[in-house]
>>> print(open('final-v9.pdb').read())   # PDB, C-alpha atoms
ATOM      1  CA  MET A   1     -93.461  -2.814   0.242
ATOM      2  CA  LYS A   2     -91.578  -1.864  -2.906
ATOM      3  CA  LYS A   3     -92.068   1.808  -2.121
ATOM      4  CA  ILE A   4     -90.546   1.315   1.355
ATOM      5  CA  LEU A   5     -87.441  -0.454  -0.068
ATOM      6  CA  LEU A   6     -86.942   2.264  -2.669
ATOM      7  CA  ALA A   7     -87.174   4.950   0.000
ATOM      8  CA  LEU A   8     -84.602   3.219   2.254
ATOM      9  CA  THR A   9     -82.194   2.787  -0.686
ATOM     10  CA  ALA A  10     -82.410   6.465  -1.545
ATOM     11  CA  VAL A  11     -81.755   7.501   2.069
ATOM     12  CA  ALA A  12     -78.704   5.196   2.275
ATOM     13  CA  ALA A  13     -77.297   6.584  -0.957
ATOM     14  CA  MET A  14     -77.633  10.167   0.229
ATOM     15  CA  THR A  15     -76.076   9.323   3.590
ATOM     16  CA  GLY A  16     -73.028   7.663   1.942
ATOM     17  CA  SER A  17     -72.487  10.609  -0.380
ATOM     18  CA  ALA A  18     -72.578  13.041   2.517
ATOM     19  CA  SER A  19     -70.087  10.968   4.525
ATOM     20  CA  ALA A  20     -67.658  10.802   1.581
ATOM     21  CA  ALA A  21     -67.919  14.549   1.110
ATOM     22  CA  ASP A  22     -67.077  15.104   4.785
ATOM     23  CA  LEU A  23     -63.782  13.142   4.463
ATOM     24  CA  GLY A  24     -60.700  15.183   3.623
ATOM     25  CA  ALA A  25     -58.541  14.337   0.592
ATOM     26  CA  ARG A  26     -55.832  11.710   1.232
ATOM     27  CA  PRO A  27     -52.513  13.532   1.924
ATOM     28  CA  TYR A  28     -49.757  13.240  -0.734
ATOM     29  CA  VAL A  29     -46.712  11.281   0.393
ATOM     30  CA  LYS A  30     -43.473  11.926  -1.509
ATOM     31  CA  ALA A  31     -41.671   8.781  -2.547
ATOM     32  CA  PRO A  32     -38.318   8.332  -0.804
ATOM     33  CA  MET A  33     -35.236   9.121  -2.868
ATOM     34  CA  ALA A  34     -33.028   6.177  -3.717
ATOM     35  CA  ALA A  35     -29.798   6.043  -1.754
ATOM     36  CA  PRO A  36     -26.648   6.550  -3.883
ATOM     37  CA  VAL A  37     -24.676   3.413  -4.635
ATOM     38  CA  ALA A  38     -21.025   3.315  -3.536
ATOM     39  CA  ASN A  39     -18.609   4.011  -6.379
ATOM     40  CA  TRP A  40     -14.809   3.686  -6.106
ATOM     41  CA  THR A  41     -13.992   5.248  -9.474
ATOM     42  CA  GLY A  42     -11.743   8.299  -9.141
ATOM     43  CA  PHE A  43      -8.456   9.795  -7.985
ATOM     44  CA  TYR A  44      -7.022   9.506  -4.470
ATOM     45  CA  ILE A  45      -3.957  10.515  -2.459
ATOM     46  CA  PHE A  46      -2.517   8.937   0.674
ATOM     47  CA  GLY A  47       0.187   9.215   3.303
ATOM     48  CA  GLY A  48       1.288   7.093   6.237
ATOM     49  CA  GLY A  49       4.083   4.978   7.611
ATOM     50  CA  GLY A  50       5.090   1.645   9.020
ATOM     51  CA  GLY A  51       7.885  -0.791   9.699
ATOM     52  CA  GLY A  52       9.938  -3.190   7.641
ATOM     53  CA  LEU A  53      12.358  -6.081   7.565
ATOM     54  CA  SER A  54      15.353  -6.286   5.255
ATOM     55  CA  ASN A  55      17.229  -9.410   4.170
ATOM     56  CA  ALA A  56      20.249  -9.781   1.916
ATOM     57  CA  ASP A  57      21.842 -12.919   0.442
ATOM     58  CA  GLN A  58      25.516 -12.047   0.123
ATOM     59  CA  HIS A  59      28.942 -13.533  -0.464
ATOM     60  CA  ILE A  60      32.500 -12.257  -0.823
ATOM     61  CA  ASN A  61      34.461 -12.242  -4.102
ATOM     62  CA  ASP A  62      38.133 -11.594  -4.737
ATOM     63  CA  THR A  63      38.303  -8.132  -6.298
ATOM     64  CA  ALA A  64      41.107  -8.993  -8.721
ATOM     65  CA  THR A  65      39.753 -12.295 -10.021
ATOM     66  CA  GLY A  66      36.021 -12.216  -9.198
ATOM     67  CA  ILE A  67      36.309 -15.691  -7.670
ATOM     68  CA  PRO A  68      33.815 -16.313  -4.820
ATOM     69  CA  LEU A  69      35.595 -16.676  -1.475
ATOM     70  CA  THR A  70      32.518 -17.526   0.631
ATOM     71  CA  ILE A  71      29.115 -19.112   0.124
ATOM     72  CA  ASP A  72      25.878 -17.092   0.223
ATOM     73  CA  GLN A  73      24.846 -16.034   3.715
ATOM     74  CA  ARG A  74      21.578 -14.322   4.617
ATOM     75  CA  GLN A  75      21.871 -11.194   6.721
ATOM     76  CA  GLY A  76      18.926  -9.247   8.097
ATOM     77  CA  GLY A  77      17.747  -6.069   9.734
ATOM     78  CA  SER A  78      14.714  -3.879  10.382
ATOM     79  CA  GLY A  79      13.545  -0.266  10.598
ATOM     80  CA  TRP A  80      10.794   2.250   9.912
ATOM     81  CA  PHE A  81       9.623   4.310   6.949
ATOM     82  CA  GLY A  82       7.079   6.895   5.807
ATOM     83  CA  THR A  83       5.150   6.840   2.547
ATOM     84  CA  VAL A  84       3.146   9.185   0.286
ATOM     85  CA  GLY A  85       1.406   8.403  -2.982
ATOM     86  CA  LEU A  86      -1.497   8.787  -5.373
ATOM     87  CA  GLY A  87      -3.613   6.621  -7.627
ATOM     88  CA  TYR A  88      -6.735   6.116  -9.707
ATOM     89  CA  ASP A  89      -9.330   3.346  -9.404
ATOM     90  CA  TRP A  90     -12.045   2.036 -11.722
ATOM     91  CA  GLN A  91     -15.035   0.160 -10.325
ATOM     92  CA  PHE A  92     -16.246  -1.904 -13.277
ATOM     93  CA  ASN A  93     -19.068  -3.815 -11.560
ATOM     94  CA  SER A  94     -20.622  -4.271  -8.128
ATOM     95  CA  THR A  95     -17.771  -6.512  -6.939
ATOM     96  CA  TRP A  96     -14.464  -5.665  -8.620
ATOM     97  CA  VAL A  97     -12.190  -2.604  -8.612
ATOM     98  CA  ALA A  98      -8.949  -2.135 -10.591
ATOM     99  CA  GLY A  99      -6.455   0.697 -10.356
ATOM    100  CA  VAL A 100      -3.014   2.159 -10.957
ATOM    101  CA  PHE A 101      -0.846   3.926  -8.387
ATOM    102  CA  ALA A 102       2.596   5.300  -7.576
ATOM    103  CA  ASP A 103       4.221   5.999  -4.226
ATOM    104  CA  GLY A 104       7.496   6.865  -2.541
ATOM    105  CA  GLN A 105       9.031   5.722   0.752
ATOM    106  CA  PHE A 106      11.629   7.372   2.953
ATOM    107  CA  GLY A 107      13.151   6.202   6.211
ATOM    108  CA  SER A 108      15.699   3.879   7.717
ATOM    109  CA  ILE A 109      15.410   0.138   7.097
ATOM    110  CA  ARG A 110      18.800  -1.333   7.929
ATOM    111  CA  ALA A 111      20.503  -4.614   7.031
ATOM    112  CA  THR A 112      23.846  -6.089   8.065
ATOM    113  CA  ILE A 113      26.717  -6.478   5.590
ATOM    114  CA  GLN A 114      29.658  -8.693   6.599
ATOM    115  CA  ASP A 115      33.056  -9.710   5.328
ATOM    116  CA  PRO A 116      33.837 -12.780   7.471
ATOM    117  CA  ILE A 117      37.335 -13.102   6.008
ATOM    118  CA  PHE A 118      38.445  -9.695   7.272
ATOM    119  CA  ASP A 119      36.104  -9.885  10.301
ATOM    120  CA  ILE A 120      34.438  -6.564   9.509
ATOM    121  CA  THR A 121      30.747  -5.680   9.687
ATOM    122  CA  GLY A 122      28.715  -2.750   8.393
ATOM    123  CA  THR A 123      25.130  -1.549   8.221
ATOM    124  CA  GLN A 124      23.463  -0.869   4.915
ATOM    125  CA  LYS A 125      20.427   1.433   5.034
ATOM    126  CA  LEU A 126      17.522   1.526   2.604
ATOM    127  CA  GLU A 127      16.994   5.291   2.591
ATOM    128  CA  THR A 128      14.436   5.895  -0.149
ATOM    129  CA  SER A 129      12.415   3.835  -2.604
ATOM    130  CA  TRP A 130       9.570   4.230  -5.044
ATOM    131  CA  ALA A 131       7.021   1.983  -6.657
ATOM    132  CA  ALA A 132       4.585   2.103  -9.582
ATOM    133  CA  GLY A 133       2.057  -0.627 -10.140
ATOM    134  CA  VAL A 134      -1.468  -1.920 -10.503
ATOM    135  CA  ARG A 135      -3.949  -3.347  -8.061
ATOM    136  CA  LEU A 136      -7.044  -5.518  -8.269
ATOM    137  CA  GLY A 137      -9.610  -5.442  -5.496
ATOM    138  CA  TRP A 138     -12.721  -7.281  -4.350
ATOM    139  CA  LEU A 139     -15.422  -5.408  -2.449
ATOM    140  CA  VAL A 140     -16.070  -7.160   0.853
ATOM    141  CA  ALA A 141     -18.715  -4.464   1.496
ATOM    142  CA  PRO A 142     -19.667  -1.349  -0.498
ATOM    143  CA  ASN A 143     -17.100   0.683   1.486
ATOM    144  CA  VAL A 144     -14.495  -2.031   2.222
ATOM    145  CA  LEU A 145     -11.992  -3.120  -0.441
ATOM    146  CA  SER A 146      -9.572  -6.044  -0.155
ATOM    147  CA  TYR A 147      -6.869  -6.038  -2.830
ATOM    148  CA  VAL A 148      -3.617  -7.419  -4.217
ATOM    149  CA  ASN A 149      -1.030  -5.335  -6.042
ATOM    150  CA  GLY A 150       2.275  -5.580  -7.853
ATOM    151  CA  GLY A 151       4.653  -3.679 -10.082
ATOM    152  CA  TYR A 152       8.068  -2.080 -10.524
ATOM    153  CA  SER A 153      10.230  -0.584  -7.784
ATOM    154  CA  GLY A 154      13.506   1.271  -7.345
ATOM    155  CA  ALA A 155      15.546   1.881  -4.195
ATOM    156  CA  HIS A 156      18.536   3.870  -2.952
ATOM    157  CA  PHE A 157      20.860   2.224  -0.435
ATOM    158  CA  GLY A 158      23.170   4.483   1.561
ATOM    159  CA  ARG A 159      26.891   4.203   2.244
ATOM    160  CA  THR A 160      28.052   1.292   4.418
ATOM    161  CA  ASN A 161      30.876   1.933   6.903
ATOM    162  CA  PHE A 162      32.629  -1.169   8.233
ATOM    163  CA  MET A 163      33.678  -1.737  11.851
ATOM    164  CA  ASP A 164      36.089  -4.351  13.215
ATOM    165  CA  LEU A 165      35.326  -6.831  16.002
ATOM    166  CA  ALA A 166      36.224  -4.234  18.632
ATOM    167  CA  GLY A 167      33.686  -1.773  17.197
ATOM    168  CA  VAL A 168      36.404   0.489  15.774
ATOM    169  CA  ASP A 169      36.155   2.026  12.304
ATOM    170  CA  ALA A 170      37.924  -0.364   9.951
ATOM    171  CA  GLY A 171      38.716   2.355   7.401
ATOM    172  CA  VAL A 172      36.702   0.523   4.742
ATOM    173  CA  HIS A 173      33.323   1.314   3.192
ATOM    174  CA  LEU A 174      30.894   0.578   0.358
ATOM    175  CA  ASN A 175      29.514   3.499  -1.630
ATOM    176  CA  GLY A 176      25.776   4.136  -1.773
ATOM    177  CA  TYR A 177      23.975   2.853  -4.863
ATOM    178  CA  ASN A 178      20.620   2.532  -6.620
ATOM    179  CA  ARG A 179      18.895  -0.734  -7.447
ATOM    180  CA  ASN A 180      15.749  -1.716  -9.376
ATOM    181  CA  GLY A 181      13.372  -4.606  -8.862
ATOM    182  CA  TRP A 182       9.738  -5.605  -8.449
ATOM    183  CA  PHE A 183       7.166  -5.986  -5.689
ATOM    184  CA  VAL A 184       3.957  -7.805  -4.760
ATOM    185  CA  GLY A 185       1.583  -7.123  -1.907
ATOM    186  CA  GLY A 186      -1.956  -6.735  -0.709
ATOM    187  CA  GLY A 187      -4.139  -5.048   1.847
ATOM    188  CA  VAL A 188      -7.508  -3.731   2.968
ATOM    189  CA  GLU A 189      -8.938  -0.232   2.493
ATOM    190  CA  ASN A 190     -12.061   0.919   4.297
ATOM    191  CA  SER A 191     -14.137   4.060   4.753
ATOM    192  CA  LEU A 192     -13.777   5.960   8.036
ATOM    193  CA  ASN A 193     -17.557   6.438   8.302
ATOM    194  CA  ILE A 194     -17.711   4.286  11.417
ATOM    195  CA  PHE A 195     -19.040   4.581  14.952
ATOM    196  CA  GLY A 196     -21.470   7.291  13.883
ATOM    197  CA  ILE A 197     -18.678   9.565  12.598
ATOM    198  CA  SER A 198     -19.254  11.132   9.186
ATOM    199  CA  SER A 199     -16.051  11.553   7.177
ATOM    200  CA  PRO A 200     -16.972  11.489   3.469
ATOM    201  CA  GLY A 201     -14.022  10.751   1.217
ATOM    202  CA  TRP A 202     -11.673   9.673   4.025
ATOM    203  CA  PHE A 203     -10.378   6.095   4.133
ATOM    204  CA  MET A 204      -7.695   4.071   5.867
ATOM    205  CA  LYS A 205      -5.642   1.305   4.288
ATOM    206  CA  THR A 206      -3.281  -1.250   5.758
ATOM    207  CA  GLU A 207      -0.896  -2.949   3.332
ATOM    208  CA  TYR A 208       1.786  -5.631   3.248
ATOM    209  CA  ARG A 209       4.445  -5.399   0.540
ATOM    210  CA  SER A 210       7.400  -7.561  -0.449
ATOM    211  CA  ALA A 211      10.048  -5.966  -2.716
ATOM    212  CA  PHE A 212      12.952  -7.765  -4.407
ATOM    213  CA  TYR A 213      16.019  -5.929  -5.739
ATOM    214  CA  GLU A 214      18.602  -7.463  -8.077
ATOM    215  CA  ARG A 215      22.134  -8.355  -7.037
ATOM    216  CA  LYS A 216      24.859  -5.739  -6.910
ATOM    217  CA  THR A 217      28.635  -6.274  -6.749
ATOM    218  CA  GLN A 218      30.572  -3.580  -4.859
ATOM    219  CA  SER A 219      34.227  -3.258  -4.055
ATOM    220  CA  GLU A 220      35.332  -2.527  -0.502
ATOM    221  CA  LEU A 221      36.936   0.924  -0.684
ATOM    222  CA  ASP A 222      39.597   2.664   1.364
ATOM    223  CA  ASN A 223      38.108   5.553   3.324
ATOM    224  CA  VAL A 224      41.001   7.884   2.432
ATOM    225  CA  THR A 225      41.483   7.216  -1.290
ATOM    226  CA  ASN A 226      37.976   5.881  -2.057
ATOM    227  CA  LEU A 227      39.708   3.190  -4.147
ATOM    228  CA  PRO A 228      39.803  -0.600  -3.833
ATOM    229  CA  PHE A 229      42.804  -1.614  -1.764
ATOM    230  CA  VAL A 230      45.365  -4.279  -2.720
ATOM    231  CA  GLY A 231      44.124  -7.739  -1.856
ATOM    232  CA  GLY A 232      40.634  -6.349  -1.339
ATOM    233  CA  HIS A 233      37.246  -7.965  -1.597
ATOM    234  CA  ASP A 234      33.954  -7.376  -3.343
ATOM    235  CA  VAL A 235      30.583  -7.832  -1.691
ATOM    236  CA  ARG A 236      27.891  -9.301  -3.946
ATOM    237  CA  ALA A 237      24.383  -9.138  -2.506
ATOM    238  CA  ASN A 238      20.728  -8.821  -3.365
ATOM    239  CA  SER A 239      18.031  -7.258  -1.182
ATOM    240  CA  TRP A 240      14.585  -8.439  -0.094
ATOM    241  CA  ASN A 241      12.442  -6.013   1.883
ATOM    242  CA  GLN A 242       9.113  -6.667   3.582
ATOM    243  CA  THR A 243       6.990  -3.801   4.900
ATOM    244  CA  ILE A 244       3.663  -3.227   6.634
ATOM    245  CA  SER A 245       2.154   0.247   6.488
ATOM    246  CA  THR A 246      -0.999   2.085   7.501
ATOM    247  CA  SER A 247      -2.053   5.147   5.512
ATOM    248  CA  LEU A 248      -4.776   7.755   5.550
ATOM    249  CA  VAL A 249      -6.469   8.018   2.130
ATOM    250  CA  TYR A 250      -8.563  10.809   0.653
ATOM    251  CA  ARG A 251     -10.797  10.075  -2.354
ATOM    252  CA  PHE A 252     -11.709  13.214  -4.293
ATOM    253  CA  ASN A 253     -15.025  12.119  -5.807
ATOM    254  CA  TRP A 254     -16.152   9.415  -3.422
ATOM    255  CA  ILE A 255     -19.863   8.611  -3.658
ATOM    256  CA  GLY A 256     -20.816   6.219  -0.921
ATOM    257  CA  PRO A 257     -24.009   4.641   0.337
ATOM    258  CA  VAL A 258     -26.064   6.915   2.594
ATOM    259  CA  VAL A 259     -29.297   6.501   4.545
ATOM    260  CA  ALA A 260     -32.129   8.293   2.737
ATOM    261  CA  LYS A 261     -34.025  10.853   4.812
ATOM    262  CA  TYR A 262     -37.760  11.068   4.414
TER     263      TYR A 262
END
>>> encode(input="final-v9.pdb", output="structure tokens")
Amino acid sequence: MKKILLALTAVAAMTGSASAADLGARPYVKAPMAAPVANWTGFYIFGGGGGGLSNADQHINDTATGIPLTIDQRQGGSGWFGTVGLGYDWQFNSTWVAGVFADGQFGSIRATIQDPIFDITGTQKLETSWAAGVRLGWLVAPNVLSYVNGGYSGAHFGRTNFMDLAGVDAGVHLNGYNRNGWFVGGGVENSLNIFGISSPGWFMKTEYRSAFYERKTQSELDNVTNLPFVGGHDVRANSWNQTISTSLVYRFNWIGPVVAKY
């Protein structure tokens, strides 16, 4: 009996060895490469445009004495503008991004200027402005940034020509001038890799901004002599401008999340 068991064990062992030898070697499978993690650190440029509202709190002073002749009245207007700019961002963890930027605006955002004592009205145009500031953002998704910003701004307001109640040139104007101030705002910036379209480095941002410029006192000037006229008035006003813009952004060293191929 023992001899039979030993013989069967030997046959089974030889059969198993032969079967293992007949099997091919297990194929080598390369481990998938890790997908790059989105990183917002780097330089970018942008350009776009939008629309804006302009408001001014103004009153009339006597030119000779500086005494206010009216109370503050808020006048408003609207218009369009274009913008170009550049910046640099730092992503310092998986959630937060900080950056610095500068931009310029050009266009035609208009506001009304009035002298109710002389019954004359003019249009003041914000022709150009610039801003330099910082922004702080929170990543809603690896390629979507919501942010707030703020900083310093300067603006150039064009010449204002006054008209009388009949719409005729009143022969009076305010010279153009520059004004400085500050701004706050916020927006959303997102990658354009959507709907199956691959556009590495290209983004779009939509931003709201509110800019405040300090008060300026200007004398109403005669169109012929460019001098204040006898018994003339000064216009003292500030400026508050609100804008909404959409811009196309290009990031030079954008590294975003991709789907690994394997």
>>> closest_atom_pairs(input="final-v9.pdb", of="range 106-158 of chain A", to="range 205-222 of chain A", cutoff="10 Å", atoms="all atoms listed in the file", output="JSON lines")
{"residue": "A:Asp115", "atom": "CA", "partner": "A:Glu220", "partner_atom": "CA", "distance": 9.5}
{"residue": "A:Ala131", "atom": "CA", "partner": "A:Ala211", "partner_atom": "CA", "distance": 9.4}
{"residue": "A:Val144", "atom": "CA", "partner": "A:Lys205", "partner_atom": "CA", "distance": 9.7}
{"residue": "A:Leu145", "atom": "CA", "partner": "A:Lys205", "partner_atom": "CA", "distance": 9.1}
{"residue": "A:Ser146", "atom": "CA", "partner": "A:Lys205", "partner_atom": "CA", "distance": 9.4}
{"residue": "A:Tyr147", "atom": "CA", "partner": "A:Glu207", "partner_atom": "CA", "distance": 9.1}
{"residue": "A:Val148", "atom": "CA", "partner": "A:Glu207", "partner_atom": "CA", "distance": 9.2}
{"residue": "A:Asn149", "atom": "CA", "partner": "A:Arg209", "partner_atom": "CA", "distance": 8.6}
{"residue": "A:Gly150", "atom": "CA", "partner": "A:Arg209", "partner_atom": "CA", "distance": 8.7}
{"residue": "A:Gly151", "atom": "CA", "partner": "A:Ala211", "partner_atom": "CA", "distance": 9.4}
{"residue": "A:Tyr152", "atom": "CA", "partner": "A:Ala211", "partner_atom": "CA", "distance": 8.9}
{"residue": "A:Ser153", "atom": "CA", "partner": "A:Ala211", "partner_atom": "CA", "distance": 7.4}
{"residue": "A:Gly154", "atom": "CA", "partner": "A:Tyr213", "partner_atom": "CA", "distance": 7.8}
{"residue": "A:Ala155", "atom": "CA", "partner": "A:Tyr213", "partner_atom": "CA", "distance": 8.0}
>>> atom_distance(input="final-v9.pdb", atom1="CA of Leu227 in chain A", atom2="CA of Gly66 in chain A")
16.6 Å
>>> residues_around(input="final-v9.pdb", residues="Leu174 in chain A", least_positions_apart="3", cutoff="12 Å", atoms="only C-alpha atoms", output="PyMOL selection string")
chain A and resi 113-115+121-125+157-162+170-171+177+216-223+226-228+233-236
>>> axis_aligned_box(input="final-v9.pdb", around="range 171-179 of chain A", padding_each_side="3 Å", output="lines of an AutoDock Vina configuration file")
center_x = 28.8
center_y = 1.7
center_z = 0.0
size_x = 25.8
size_y = 10.9
size_z = 20.8
>>> closest_residue(input="final-v9.pdb", among="A:Trp96, A:Trp240, A:Phe106, A:Trp254", to="Thr128 in chain A", atoms="only C-alpha atoms")
A:Phe106
>>> atom_distance(input="final-v9.pdb", atom1="CA of Gly231 in chain A", atom2="CA of Val168 in chain A")
20.9 Å
>>> atom_distance(input="final-v9.pdb", atom1="CA of Gly85 in chain A", atom2="CA of His156 in chain A")
17.7 Å
>>> closest_residue(input="final-v9.pdb", among="A:Asn238, A:Gln105, A:Ser78, A:Ser247", to="Val188 in chain A", atoms="all atoms listed in the file")
A:Ser247
>>> resolve_selection(input="final-v9.pdb", expression="the PyMOL selection byres ((chain A and resi 77) around 6)", output="MDAnalysis selection string")
chainID A and resid 53:54 76 78 110:111
>>> resolve_selection(input="final-v9.pdb", expression="the PyMOL selection byres ((chain A and resi 47) around 12)", output="PyMOL selection string")
chain A and resi 44-46+48-50+81-87+102-106+202-206+245-250
>>> residues_around(input="final-v9.pdb", residues="Gln75 in chain A", least_positions_apart="4", cutoff="8 Å", atoms="only C-alpha atoms", output="number ranges by chain")
A: 55-58, 111-113
